[in-house]
$ cat model16.pdb   # PDB, C-alpha atoms, pLDDT in the B column
MODEL        1
ATOM      1  CA  MET A   1       0.000   0.000   0.000  1.00 70.00           C
ATOM      2  CA  ASN A   2       1.102   3.550  -0.713  1.00 92.00           C
ATOM      3  CA  VAL A   3       2.396   5.525   2.253  1.00 95.00           C
ATOM      4  CA  ILE A   4       0.315   8.640   2.870  1.00 96.00           C
ATOM      5  CA  TRP A   5       2.845  10.286   5.195  1.00 97.00           C
ATOM      6  CA  SER A   6       6.147   9.383   6.840  1.00 98.00           C
ATOM      7  CA  GLU A   7       8.567  10.843   9.369  1.00 97.00           C
ATOM      8  CA  THR A   8      11.523   9.578  11.388  1.00 98.00           C
ATOM      9  CA  MET A   9      11.869  10.367  15.102  1.00 97.00           C
ATOM     10  CA  HIS A  10      15.486  10.597  16.197  1.00 95.00           C
ATOM     11  CA  LEU A  11      17.109  10.581  19.662  1.00 90.00           C
ATOM     12  CA  GLY A  12      14.767  12.192  22.163  1.00 94.00           C
ATOM     13  CA  GLY A  13      12.322  13.150  19.419  1.00 96.00           C
ATOM     14  CA  LYS A  14       8.580  13.651  19.686  1.00 97.00           C
ATOM     15  CA  TRP A  15       5.587  13.945  17.356  1.00 98.00           C
ATOM     16  CA  SER A  16       1.858  14.486  17.588  1.00 98.00           C
ATOM     17  CA  GLY A  17      -0.975  14.739  15.097  1.00 98.00           C
ATOM     18  CA  VAL A  18      -4.584  13.899  14.295  1.00 98.00           C
ATOM     19  CA  ILE A  19      -5.001  10.745  12.221  1.00 98.00           C
ATOM     20  CA  GLY A  20      -8.383   9.903  10.728  1.00 98.00           C
ATOM     21  CA  ARG A  21     -10.403   6.769  11.243  1.00 98.00           C
ATOM     22  CA  GLY A  22      -9.516   3.756   9.088  1.00 97.00           C
ATOM     23  CA  LYS A  23      -5.807   4.502   8.670  1.00 98.00           C
ATOM     24  CA  LEU A  24      -2.786   2.336   9.483  1.00 98.00           C
ATOM     25  CA  ILE A  25       0.019   3.654  11.690  1.00 98.00           C
ATOM     26  CA  ARG A  26       3.214   1.650  11.237  1.00 98.00           C
ATOM     27  CA  LEU A  27       6.151   2.115  13.612  1.00 98.00           C
ATOM     28  CA  THR A  28       9.488   0.610  12.554  1.00 98.00           C
ATOM     29  CA  ALA A  29      12.607   0.397  14.722  1.00 98.00           C
ATOM     30  CA  LEU A  30      15.530   1.410  12.511  1.00 98.00           C
ATOM     31  CA  GLU A  31      18.035   0.041  15.052  1.00 97.00           C
ATOM     32  CA  ALA A  32      17.848  -2.458  17.906  1.00 97.00           C
ATOM     33  CA  GLY A  33      16.508  -1.438  21.309  1.00 97.00           C
ATOM     34  CA  ALA A  34      13.809   1.070  20.401  1.00 98.00           C
ATOM     35  CA  ASN A  35      11.168   2.443  22.755  1.00 98.00           C
ATOM     36  CA  VAL A  36       8.343   4.827  21.829  1.00 98.00           C
ATOM     37  CA  ALA A  37       5.887   6.030  24.481  1.00 98.00           C
ATOM     38  CA  MET A  38       2.407   6.798  23.137  1.00 98.00           C
ATOM     39  CA  LEU A  39      -0.660   8.670  24.337  1.00 98.00           C
ATOM     40  CA  MET A  40      -3.934   8.482  22.379  1.00 98.00           C
ATOM     41  CA  TYR A  41      -7.107  10.595  22.515  1.00 98.00           C
ATOM     42  CA  HIS A  42     -10.373  10.846  20.583  1.00 98.00           C
ATOM     43  CA  ALA A  43      -9.711  13.750  18.222  1.00 98.00           C
ATOM     44  CA  ARG A  44     -13.336  14.976  18.259  1.00 96.00           C
ATOM     45  CA  ASP A  45     -13.584  14.923  22.058  1.00 97.00           C
ATOM     46  CA  LEU A  46     -10.237  15.121  23.825  1.00 97.00           C
ATOM     47  CA  SER A  47     -11.805  14.208  27.164  1.00 97.00           C
ATOM     48  CA  GLU A  48     -12.034  10.641  25.807  1.00 98.00           C
ATOM     49  CA  ARG A  49      -8.687   8.883  25.820  1.00 98.00           C
ATOM     50  CA  TYR A  50      -6.882   5.535  25.993  1.00 98.00           C
ATOM     51  CA  ASN A  51      -7.795   3.690  29.193  1.00 98.00           C
ATOM     52  CA  MET A  52      -5.062   1.301  30.291  1.00 98.00           C
ATOM     53  CA  PRO A  53      -6.962  -0.549  33.074  1.00 98.00           C
ATOM     54  CA  ASP A  54     -10.005  -1.280  30.891  1.00 97.00           C
ATOM     55  CA  THR A  55      -7.827  -2.281  27.936  1.00 98.00           C
ATOM     56  CA  LEU A  56      -5.909  -4.846  29.988  1.00 98.00           C
ATOM     57  CA  LYS A  57      -8.665  -6.296  32.146  1.00 97.00           C
ATOM     58  CA  ALA A  58     -11.130  -6.644  29.240  1.00 97.00           C
ATOM     59  CA  GLN A  59      -8.571  -8.615  27.223  1.00 98.00           C
ATOM     60  CA  HIS A  60      -7.166 -10.595  30.192  1.00 97.00           C
ATOM     61  CA  THR A  61      -3.595  -9.504  29.523  1.00 97.00           C
ATOM     62  CA  ALA A  62      -0.686  -7.503  30.956  1.00 96.00           C
ATOM     63  CA  HIS A  63       0.968  -6.811  27.593  1.00 98.00           C
ATOM     64  CA  LEU A  64      -0.187  -5.890  24.085  1.00 98.00           C
ATOM     65  CA  THR A  65       0.271  -7.586  20.715  1.00 98.00           C
ATOM     66  CA  LYS A  66      -1.559  -8.427  17.478  1.00 98.00           C
ATOM     67  CA  GLY A  67      -5.290  -8.861  18.008  1.00 98.00           C
ATOM     68  CA  ASN A  68      -5.436  -6.536  21.010  1.00 98.00           C
ATOM     69  CA  VAL A  69      -7.241  -3.213  20.905  1.00 98.00           C
ATOM     70  CA  LEU A  70      -6.728   0.082  22.733  1.00 98.00           C
ATOM     71  CA  MET A  71      -9.983   0.910  24.506  1.00 98.00           C
ATOM     72  CA  SER A  72     -11.135   4.363  25.540  1.00 98.00           C
ATOM     73  CA  ASP A  73     -12.696   5.333  28.844  1.00 97.00           C
ATOM     74  CA  ASN A  74     -16.044   5.437  27.015  1.00 97.00           C
ATOM     75  CA  GLY A  75     -15.886   1.746  26.129  1.00 97.00           C
ATOM     76  CA  ARG A  76     -14.968   2.290  22.491  1.00 98.00           C
ATOM     77  CA  VAL A  77     -11.995   1.163  20.390  1.00 98.00           C
ATOM     78  CA  LEU A  78      -9.510   3.891  19.540  1.00 98.00           C
ATOM     79  CA  ALA A  79      -7.133   1.590  17.636  1.00 98.00           C
ATOM     80  CA  SER A  80      -6.377  -2.078  16.975  1.00 98.00           C
ATOM     81  CA  ILE A  81      -3.039  -3.866  16.626  1.00 98.00           C
ATOM     82  CA  VAL A  82      -3.179  -5.555  13.219  1.00 98.00           C
ATOM     83  CA  GLN A  83       0.491  -6.490  12.697  1.00 98.00           C
ATOM     84  CA  ASP A  84       3.293  -7.111  15.165  1.00 98.00           C
ATOM     85  CA  ASP A  85       6.811  -8.486  14.702  1.00 98.00           C
ATOM     86  CA  LEU A  86       7.632  -8.476  18.420  1.00 98.00           C
ATOM     87  CA  GLY A  87       4.699 -10.169  20.168  1.00 98.00           C
ATOM     88  CA  TRP A  88       4.922  -8.007  23.292  1.00 98.00           C
ATOM     89  CA  HIS A  89       4.595  -4.284  24.019  1.00 98.00           C
ATOM     90  CA  ASP A  90       4.590  -2.767  27.501  1.00 98.00           C
ATOM     91  CA  PRO A  91       1.542  -0.872  28.850  1.00 98.00           C
ATOM     92  CA  LEU A  92       2.720  -0.730  32.478  1.00 97.00           C
ATOM     93  CA  GLY A  93       6.156   0.883  32.724  1.00 97.00           C
ATOM     94  CA  GLY A  94       5.243   4.543  32.226  1.00 98.00           C
ATOM     95  CA  TYR A  95       7.612   7.262  31.008  1.00 98.00           C
ATOM     96  CA  THR A  96      10.814   8.936  32.177  1.00 97.00           C
ATOM     97  CA  THR A  97      10.824  12.229  34.081  1.00 97.00           C
ATOM     98  CA  ARG A  98      13.329  15.069  34.233  1.00 95.00           C
ATOM     99  CA  GLU A  99      14.474  13.894  37.668  1.00 96.00           C
ATOM    100  CA  SER A 100      14.975  10.258  36.647  1.00 96.00           C
ATOM    101  CA  THR A 101      16.746  11.251  33.413  1.00 95.00           C
ATOM    102  CA  ASP A 102      19.211  13.543  35.213  1.00 94.00           C
ATOM    103  CA  ALA A 103      19.836  10.962  37.949  1.00 94.00           C
ATOM    104  CA  LYS A 104      20.572   8.173  35.480  1.00 94.00           C
ATOM    105  CA  TYR A 105      22.338   9.905  32.587  1.00 93.00           C
ATOM    106  CA  GLY A 106      23.720  13.067  34.167  1.00 89.00           C
ATOM    107  CA  LEU A 107      22.466  16.629  34.401  1.00 87.00           C
ATOM    108  CA  SER A 108      21.289  17.822  30.996  1.00 81.00           C
ATOM    109  CA  ARG A 109      19.936  21.302  30.279  1.00 78.00           C
ATOM    110  CA  TYR A 110      19.009  23.005  27.034  1.00 70.00           C
ATOM    111  CA  GLN A 111      20.940  26.135  28.069  1.00 73.00           C
ATOM    112  CA  GLU A 112      24.252  24.252  27.850  1.00 71.00           C
ATOM    113  CA  LYS A 113      23.604  21.467  25.333  1.00 70.00           C
ATOM    114  CA  ARG A 114      20.987  23.105  23.083  1.00 68.00           C
ATOM    115  CA  ASN A 115      19.371  20.465  20.845  1.00 73.00           C
ATOM    116  CA  GLU A 116      21.674  17.760  22.199  1.00 74.00           C
ATOM    117  CA  TRP A 117      20.116  17.866  25.674  1.00 85.00           C
ATOM    118  CA  LEU A 118      18.585  14.615  26.922  1.00 93.00           C
ATOM    119  CA  ARG A 119      14.807  14.860  26.892  1.00 94.00           C
ATOM    120  CA  SER A 120      12.474  12.995  29.211  1.00 96.00           C
ATOM    121  CA  GLY A 121       9.249  11.309  28.219  1.00 97.00           C
ATOM    122  CA  ARG A 122       7.134  13.494  30.499  1.00 98.00           C
ATOM    123  CA  GLU A 123       8.549  16.711  29.029  1.00 96.00           C
ATOM    124  CA  ASN A 124       8.039  15.541  25.440  1.00 97.00           C
ATOM    125  CA  LEU A 125       4.478  14.430  26.089  1.00 98.00           C
ATOM    126  CA  ALA A 126       3.632  17.640  27.955  1.00 98.00           C
ATOM    127  CA  VAL A 127       4.908  19.811  25.087  1.00 97.00           C
ATOM    128  CA  GLU A 128       2.806  17.954  22.526  1.00 98.00           C
ATOM    129  CA  LEU A 129      -0.272  18.031  24.782  1.00 98.00           C
ATOM    130  CA  THR A 130       0.053  21.818  24.938  1.00 97.00           C
ATOM    131  CA  ARG A 131      -0.005  22.014  21.147  1.00 96.00           C
ATOM    132  CA  SER A 132      -3.508  20.515  21.225  1.00 97.00           C
ATOM    133  CA  GLY A 133      -4.856  22.664  24.046  1.00 96.00           C
ATOM    134  CA  LEU A 134      -4.252  20.049  26.744  1.00 97.00           C
ATOM    135  CA  GLY A 135      -1.831  20.044  29.666  1.00 96.00           C
ATOM    136  CA  ASN A 136      -0.158  18.099  32.460  1.00 95.00           C
ATOM    137  CA  ARG A 137      -3.512  17.140  33.960  1.00 96.00           C
ATOM    138  CA  ASP A 138      -4.187  15.189  30.751  1.00 97.00           C
ATOM    139  CA  LEU A 139      -1.110  12.955  31.126  1.00 97.00           C
ATOM    140  CA  SER A 140      -2.132   9.318  31.528  1.00 96.00           C
ATOM    141  CA  PRO A 141      -0.584   5.825  31.230  1.00 97.00           C
ATOM    142  CA  VAL A 142       1.295   5.264  27.974  1.00 98.00           C
ATOM    143  CA  VAL A 143       1.928   2.283  25.744  1.00 98.00           C
ATOM    144  CA  ASN A 144       5.671   1.659  25.352  1.00 98.00           C
ATOM    145  CA  TRP A 145       5.988   0.202  21.861  1.00 98.00           C
ATOM    146  CA  PHE A 146       8.938  -2.173  21.249  1.00 98.00           C
ATOM    147  CA  SER A 147       9.556  -2.783  24.977  1.00 98.00           C
ATOM    148  CA  LYS A 148       8.975  -5.955  27.019  1.00 98.00           C
ATOM    149  CA  VAL A 149       8.538  -5.837  30.785  1.00 98.00           C
ATOM    150  CA  PHE A 150       7.687  -9.021  32.679  1.00 95.00           C
ATOM    151  CA  CYS A 151       7.312  -9.962  36.343  1.00 92.00           C
ATOM    152  CA  ASP A 152       9.287 -12.708  38.031  1.00 91.00           C
ATOM    153  CA  GLU A 153       7.957 -15.036  40.742  1.00 91.00           C
ATOM    154  CA  GLU A 154       8.697 -12.429  43.422  1.00 90.00           C
ATOM    155  CA  GLY A 155       6.666  -9.817  41.571  1.00 89.00           C
ATOM    156  CA  ASN A 156       9.657  -7.751  40.421  1.00 92.00           C
ATOM    157  CA  MET A 157       9.355  -6.018  37.063  1.00 95.00           C
ATOM    158  CA  ASN A 158      12.121  -6.968  34.619  1.00 96.00           C
ATOM    159  CA  PHE A 159      13.144  -5.269  31.380  1.00 97.00           C
ATOM    160  CA  ASP A 160      14.130  -7.477  28.421  1.00 97.00           C
ATOM    161  CA  GLN A 161      17.117  -5.737  26.802  1.00 95.00           C
ATOM    162  CA  GLY A 162      17.218  -7.996  23.736  1.00 96.00           C
ATOM    163  CA  HIS A 163      13.531  -7.759  22.862  1.00 98.00           C
ATOM    164  CA  CYS A 164      13.603  -5.349  19.912  1.00 98.00           C
ATOM    165  CA  ALA A 165      15.731  -6.009  16.814  1.00 98.00           C
ATOM    166  CA  ALA A 166      16.459  -3.573  14.000  1.00 98.00           C
ATOM    167  CA  GLY A 167      13.733  -3.513  11.353  1.00 98.00           C
ATOM    168  CA  GLN A 168      10.933  -4.863  13.534  1.00 98.00           C
ATOM    169  CA  ALA A 169       7.574  -3.118  13.225  1.00 98.00           C
ATOM    170  CA  VAL A 170       4.124  -2.845  14.757  1.00 98.00           C
ATOM    171  CA  THR A 171       1.039  -1.556  12.949  1.00 98.00           C
ATOM    172  CA  LEU A 172      -2.085   0.023  14.447  1.00 98.00           C
ATOM    173  CA  ARG A 173      -5.398   0.522  12.673  1.00 98.00           C
ATOM    174  CA  THR A 174      -7.311   3.613  13.795  1.00 98.00           C
ATOM    175  CA  GLU A 175     -10.936   2.771  14.620  1.00 98.00           C
ATOM    176  CA  MET A 176     -11.760   6.389  15.518  1.00 98.00           C
ATOM    177  CA  ASP A 177     -10.362   9.796  14.609  1.00 98.00           C
ATOM    178  CA  VAL A 178      -7.474  10.031  17.042  1.00 98.00           C
ATOM    179  CA  LEU A 179      -4.907  12.448  18.384  1.00 98.00           C
ATOM    180  CA  VAL A 180      -1.664  10.498  18.757  1.00 98.00           C
ATOM    181  CA  ILE A 181       1.369  11.669  20.744  1.00 98.00           C
ATOM    182  CA  PHE A 182       4.723   9.874  20.471  1.00 98.00           C
ATOM    183  CA  SER A 183       7.922  10.316  22.508  1.00 98.00           C
ATOM    184  CA  ASN A 184      11.121   8.551  21.403  1.00 98.00           C
ATOM    185  CA  THR A 185      12.666   8.433  24.877  1.00 97.00           C
ATOM    186  CA  PRO A 186      14.099   5.570  26.966  1.00 97.00           C
ATOM    187  CA  HIS A 187      11.914   3.146  28.858  1.00 98.00           C
ATOM    188  CA  PRO A 188      12.166   3.927  32.595  1.00 97.00           C
ATOM    189  CA  LEU A 189      13.387   0.392  33.344  1.00 97.00           C
ATOM    190  CA  ASP A 190      15.975   0.215  30.549  1.00 97.00           C
ATOM    191  CA  PRO A 191      19.335  -0.259  32.331  1.00 95.00           C
ATOM    192  CA  ARG A 192      21.498   0.759  29.369  1.00 93.00           C
ATOM    193  CA  GLU A 193      23.923   3.652  29.483  1.00 90.00           C
ATOM    194  CA  PRO A 194      24.507   6.072  27.929  1.00 90.00           C
ATOM    195  CA  TYR A 195      21.060   7.487  27.076  1.00 93.00           C
ATOM    196  CA  PRO A 196      19.463   4.901  24.742  1.00 87.00           C
ATOM    197  CA  SER A 197      17.296   6.209  21.936  1.00 83.00           C
ATOM    198  CA  VAL A 198      17.226   4.839  18.401  1.00 92.00           C
ATOM    199  CA  PRO A 199      15.510   6.239  15.309  1.00 97.00           C
ATOM    200  CA  VAL A 200      11.956   5.061  14.678  1.00 98.00           C
ATOM    201  CA  LYS A 201      10.054   5.561  11.434  1.00 98.00           C
ATOM    202  CA  ILE A 202       6.375   6.560  11.618  1.00 98.00           C
ATOM    203  CA  GLU A 203       4.274   5.820   8.530  1.00 98.00           C
ATOM    204  CA  VAL A 204       0.575   6.401   7.902  1.00 98.00           C
ATOM    205  CA  LEU A 205      -1.060   4.212   5.255  1.00 98.00           C
ATOM    206  CA  PRO A 206      -4.617   3.628   4.020  1.00 97.00           C
ATOM    207  CA  GLY A 207      -6.463   0.845   5.835  1.00 96.00           C
ATOM    208  CA  LEU A 208      -8.958  -1.736   4.651  1.00 91.00           C
ATOM    209  CA  PRO A 209     -12.614  -1.859   5.780  1.00 91.00           C
ATOM    210  CA  VAL A 210     -13.299  -3.748   9.017  1.00 95.00           C
ATOM    211  CA  ASP A 211     -15.955  -6.482   9.043  1.00 89.00           C
ATOM    212  CA  SER A 212     -17.476  -8.749  11.676  1.00 87.00           C
ATOM    213  CA  GLN A 213     -14.887 -11.485  10.966  1.00 93.00           C
ATOM    214  CA  ASP A 214     -11.912  -9.274  11.791  1.00 97.00           C
ATOM    215  CA  PRO A 215      -9.458 -10.937  14.263  1.00 97.00           C
ATOM    216  CA  CYS A 216      -9.326  -7.854  16.493  1.00 98.00           C
ATOM    217  CA  VAL A 217     -13.121  -7.697  16.654  1.00 98.00           C
ATOM    218  CA  ASN A 218     -13.290 -11.350  17.705  1.00 97.00           C
ATOM    219  CA  TYR A 219     -10.238 -11.496  19.983  1.00 97.00           C
ATOM    220  CA  ARG A 220     -12.558 -11.491  23.007  1.00 96.00           C
ATOM    221  CA  PRO A 221     -16.296 -10.860  23.556  1.00 97.00           C
ATOM    222  CA  GLU A 222     -15.350  -7.589  25.260  1.00 97.00           C
ATOM    223  CA  ASN A 223     -13.618  -6.484  22.064  1.00 98.00           C
ATOM    224  CA  ARG A 224     -16.773  -7.084  20.052  1.00 97.00           C
ATOM    225  CA  ARG A 225     -18.838  -5.008  22.473  1.00 97.00           C
ATOM    226  CA  ALA A 226     -16.325  -2.162  22.266  1.00 98.00           C
ATOM    227  CA  PHE A 227     -16.418  -2.307  18.449  1.00 97.00           C
ATOM    228  CA  ASP A 228     -20.229  -2.265  18.537  1.00 97.00           C
ATOM    229  CA  ASN A 229     -20.064   0.875  20.696  1.00 97.00           C
ATOM    230  CA  THR A 230     -17.654   2.443  18.207  1.00 97.00           C
ATOM    231  CA  TRP A 231     -19.722   1.553  15.146  1.00 96.00           C
ATOM    232  CA  ASN A 232     -22.895   2.855  16.792  1.00 96.00           C
ATOM    233  CA  TYR A 233     -21.135   6.139  17.588  1.00 97.00           C
ATOM    234  CA  TYR A 234     -20.146   6.651  13.953  1.00 95.00           C
ATOM    235  CA  ALA A 235     -23.531   5.522  12.637  1.00 95.00           C
ATOM    236  CA  LEU A 236     -25.046   8.502  14.447  1.00 93.00           C
ATOM    237  CA  GLN A 237     -22.362  10.861  13.051  1.00 86.00           C
ATOM    238  CA  SER A 238     -22.973  10.075   9.375  1.00 72.00           C
TER     239      SER A 238
ENDMDL
END
$ encode --input "model16.pdb" --output "structure tokens"
Amino acid sequence: MNVIWSETMHLGGKWSGVIGRGKLIRLTALEAGANVAMLMYHARDLSERYNMPDTLKAQHTAHLTKGNVLMSDNGRVLASIVQDDLGWHDPLGGYTTRESTDAKYGLSRYQEKRNEWLRSGRENLAVELTRSGLGNRDLSPVVNWFSKVFCDEEGNMNFDQGHCAAGQAVTLRTEMDVLVIFSNTPHPLDPREPYPSVPVKIEVLPGLPVDSQDPCVNYRPENRRAFDNTWNYYALQS
């Protein structure tokens, strides 16, 4: 399929934009060890956004992969995962802060380093929220694409350093008009030093129509109900 739009996020980069319903968003790690934190909102009503607890409990999972959907706090489907080379993406680990970034990688300020300063996930997300008339109060749990975090028998969270290889990709299908915010910043649990951040390509492509036999629709009964809510919403808009 022809790419509608493409951009590459480099070290510490960020991006946000409104992407219409029925599009594909493909993220590709151009080197090993990528991590991209993502927030997602309903573009027509920014008070509706990705709901991590409902997404996980409805699908009986603690990680995301092909077949899973991202549910909103209104019980609708914002996006579905339709292709995945990795099999595991982290919805639990959160994003880095200024304090954690300075403590781990050394003090970094724009005044001294200019565009080479080390950005945190929270700062990147907050800047892009402001562009859309939102703010810090609208920060919420993120999905960390390309990262794997698992718990051991003692309940400790562990980061898998070898999870993401160069060239691996994940593709989302937008089920609603969405505002998407990306931050190409390290996962908070990534132990690597120095500051790890690899380029990630973002591509938007045309999607195919969704029918009742779609794997994401039928992944669980809860998914089907969320799709029905989404379809009913758009039936009243047309």
$ atom_distance --input "model16.pdb" --atom1 "atom CA of Gly162 of chain A" --atom2 "atom CA of Trp15 of chain A"
25.6 Å
$ atom_distance --input "model16.pdb" --atom1 "atom CA of Met52 of chain A" --atom2 "atom CA of Glu222 of chain A"
14.5 Å
$ residues_around --input "model16.pdb" --residues "Leu172 of chain A" --least-positions-apart "5" --cutoff "8 Å" --atoms "all atoms listed in the file" --output "VMD selection string"
chain A and resid 24 to 26 79 to 83
$ residues_around --input "model16.pdb" --residues "segment 86-90 of chain A" --least-positions-apart "3" --cutoff "12 Å" --atoms "only C-alpha atoms" --output "ChimeraX atom specification"
/A:27-29,32-38,52,56,61-68,81-83,93-95,141-151,157-160,162-171,187-189
$ write_last_selection --input "model16.pdb" --atoms "C-alpha atoms" --output "PDB file, in the coordinates of the input"
ATOM      1  CA  LEU A  27       6.151   2.115  13.612  1.00 98.00           C
ATOM      2  CA  THR A  28       9.488   0.610  12.554  1.00 98.00           C
ATOM      3  CA  ALA A  29      12.607   0.397  14.722  1.00 98.00           C
ATOM      4  CA  ALA A  32      17.848  -2.458  17.906  1.00 97.00           C
ATOM      5  CA  GLY A  33      16.508  -1.438  21.309  1.00 97.00           C
ATOM      6  CA  ALA A  34      13.809   1.070  20.401  1.00 98.00           C
ATOM      7  CA  ASN A  35      11.168   2.443  22.755  1.00 98.00           C
ATOM      8  CA  VAL A  36       8.343   4.827  21.829  1.00 98.00           C
ATOM      9  CA  ALA A  37       5.887   6.030  24.481  1.00 98.00           C
ATOM     10  CA  MET A  38       2.407   6.798  23.137  1.00 98.00           C
ATOM     11  CA  MET A  52      -5.062   1.301  30.291  1.00 98.00           C
ATOM     12  CA  LEU A  56      -5.909  -4.846  29.988  1.00 98.00           C
ATOM     13  CA  THR A  61      -3.595  -9.504  29.523  1.00 97.00           C
ATOM     14  CA  ALA A  62      -0.686  -7.503  30.956  1.00 96.00           C
ATOM     15  CA  HIS A  63       0.968  -6.811  27.593  1.00 98.00           C
ATOM     16  CA  LEU A  64      -0.187  -5.890  24.085  1.00 98.00           C
ATOM     17  CA  THR A  65       0.271  -7.586  20.715  1.00 98.00           C
ATOM     18  CA  LYS A  66      -1.559  -8.427  17.478  1.00 98.00           C
ATOM     19  CA  GLY A  67      -5.290  -8.861  18.008  1.00 98.00           C
ATOM     20  CA  ASN A  68      -5.436  -6.536  21.010  1.00 98.00           C
ATOM     21  CA  ILE A  81      -3.039  -3.866  16.626  1.00 98.00           C
ATOM     22  CA  VAL A  82      -3.179  -5.555  13.219  1.00 98.00           C
ATOM     23  CA  GLN A  83       0.491  -6.490  12.697  1.00 98.00           C
ATOM     24  CA  GLY A  93       6.156   0.883  32.724  1.00 97.00           C
ATOM     25  CA  GLY A  94       5.243   4.543  32.226  1.00 98.00           C
ATOM     26  CA  TYR A  95       7.612   7.262  31.008  1.00 98.00           C
ATOM     27  CA  PRO A 141      -0.584   5.825  31.230  1.00 97.00           C
ATOM     28  CA  VAL A 142       1.295   5.264  27.974  1.00 98.00           C
ATOM     29  CA  VAL A 143       1.928   2.283  25.744  1.00 98.00           C
ATOM     30  CA  ASN A 144       5.671   1.659  25.352  1.00 98.00           C
ATOM     31  CA  TRP A 145       5.988   0.202  21.861  1.00 98.00           C
ATOM     32  CA  PHE A 146       8.938  -2.173  21.249  1.00 98.00           C
ATOM     33  CA  SER A 147       9.556  -2.783  24.977  1.00 98.00           C
ATOM     34  CA  LYS A 148       8.975  -5.955  27.019  1.00 98.00           C
ATOM     35  CA  VAL A 149       8.538  -5.837  30.785  1.00 98.00           C
ATOM     36  CA  PHE A 150       7.687  -9.021  32.679  1.00 95.00           C
ATOM     37  CA  CYS A 151       7.312  -9.962  36.343  1.00 92.00           C
ATOM     38  CA  MET A 157       9.355  -6.018  37.063  1.00 95.00           C
ATOM     39  CA  ASN A 158      12.121  -6.968  34.619  1.00 96.00           C
ATOM     40  CA  PHE A 159      13.144  -5.269  31.380  1.00 97.00           C
ATOM     41  CA  ASP A 160      14.130  -7.477  28.421  1.00 97.00           C
ATOM     42  CA  GLY A 162      17.218  -7.996  23.736  1.00 96.00           C
ATOM     43  CA  HIS A 163      13.531  -7.759  22.862  1.00 98.00           C
ATOM     44  CA  CYS A 164      13.603  -5.349  19.912  1.00 98.00           C
ATOM     45  CA  ALA A 165      15.731  -6.009  16.814  1.00 98.00           C
ATOM     46  CA  ALA A 166      16.459  -3.573  14.000  1.00 98.00           C
ATOM     47  CA  GLY A 167      13.733  -3.513  11.353  1.00 98.00           C
ATOM     48  CA  GLN A 168      10.933  -4.863  13.534  1.00 98.00           C
ATOM     49  CA  ALA A 169       7.574  -3.118  13.225  1.00 98.00           C
ATOM     50  CA  VAL A 170       4.124  -2.845  14.757  1.00 98.00           C
ATOM     51  CA  THR A 171       1.039  -1.556  12.949  1.00 98.00           C
ATOM     52  CA  HIS A 187      11.914   3.146  28.858  1.00 98.00           C
ATOM     53  CA  PRO A 188      12.166   3.927  32.595  1.00 97.00           C
ATOM     54  CA  LEU A 189      13.387   0.392  33.344  1.00 97.00           C
TER      55      LEU A 189
END
$ resolve_selection --input "model16.pdb" --expression "the PyMOL selection byres ((chain A and resi 132) around 10)" --output "ChimeraX atom specification"
/A:16-18,43,46,127-131,133-135,179
$ atom_distance --input "model16.pdb" --atom1 "atom CA of Glu175 of chain A" --atom2 "atom CA of Thr96 of chain A"
28.6 Å
$ closest_residue --input "model16.pdb" --among "A:Thr97, A:Asp177, A:Ser238, A:Lys23" --to "Arg44 of chain A" --atoms "all atoms listed in the file"
A:Asp177
$ closest_residue --input "model16.pdb" --among "A:Tyr110, A:Phe227, A:Tyr219, A:Phe182" --to "Gly75 of chain A" --atoms "all atoms listed in the file"
A:Phe227
$ closest_residue --input "model16.pdb" --among "A:Tyr195, A:Tyr105, A:Trp5, A:Tyr233" --to "Val77 of chain A" --atoms "all atoms listed in the file"
A:Tyr233
$ resolve_selection --input "model16.pdb" --expression "the PyMOL selection byres ((chain A and resi 49) around 6)" --output "JSON, numbers by chain"
{"A": [40, 41, 42, 48, 50, 72]}
$ closest_residue --input "model16.pdb" --among "A:Leu118, A:Ile19, A:Leu70, A:Val198" --to "Cys216 of chain A" --atoms "only C-alpha atoms"
A:Leu70
$ resolve_selection --input "model16.pdb" --expression "the PyMOL selection byres ((chain A and resi 11-13) around 6)" --output "list of chain:residue names"
A:Met9, A:His10, A:Lys14, A:Arg119, A:Asn184, A:Thr185, A:Ser197, A:Val198
$ build_atoms --input "model16.pdb" --residues "segment 130-137 of chain A" --atoms "N, CA and C atoms" --output "CSV table (one decimal), keeping the file's coordinate frame"
chain,number,residue,atom,x,y,z
A,130,THR,N,0.3,20.4,25.0
A,130,THR,CA,0.1,21.8,24.9
A,130,THR,C,-0.3,22.3,23.5
A,131,ARG,N,0.3,21.7,22.5
A,131,ARG,CA,0.0,22.0,21.1
A,131,ARG,C,-1.5,21.8,20.8
A,132,SER,N,-2.1,20.8,21.5
A,132,SER,CA,-3.5,20.5,21.2
A,132,SER,C,-4.5,21.1,22.3
A,133,GLY,N,-4.0,22.0,23.1
A,133,GLY,CA,-4.9,22.7,24.0
A,133,GLY,C,-5.0,21.9,25.3
A,134,LEU,N,-4.2,20.9,25.5
A,134,LEU,CA,-4.3,20.0,26.7
A,134,LEU,C,-3.1,20.4,27.6
A,135,GLY,N,-2.9,19.7,28.8
A,135,GLY,CA,-1.8,20.0,29.7
A,135,GLY,C,-1.4,18.9,30.5
A,136,ASN,N,-0.7,19.2,31.6
A,136,ASN,CA,-0.2,18.1,32.5
A,136,ASN,C,-1.3,17.3,33.1
A,137,ARG,N,-2.4,17.9,33.4
A,137,ARG,CA,-3.5,17.1,34.0
A,137,ARG,C,-4.1,16.1,33.0
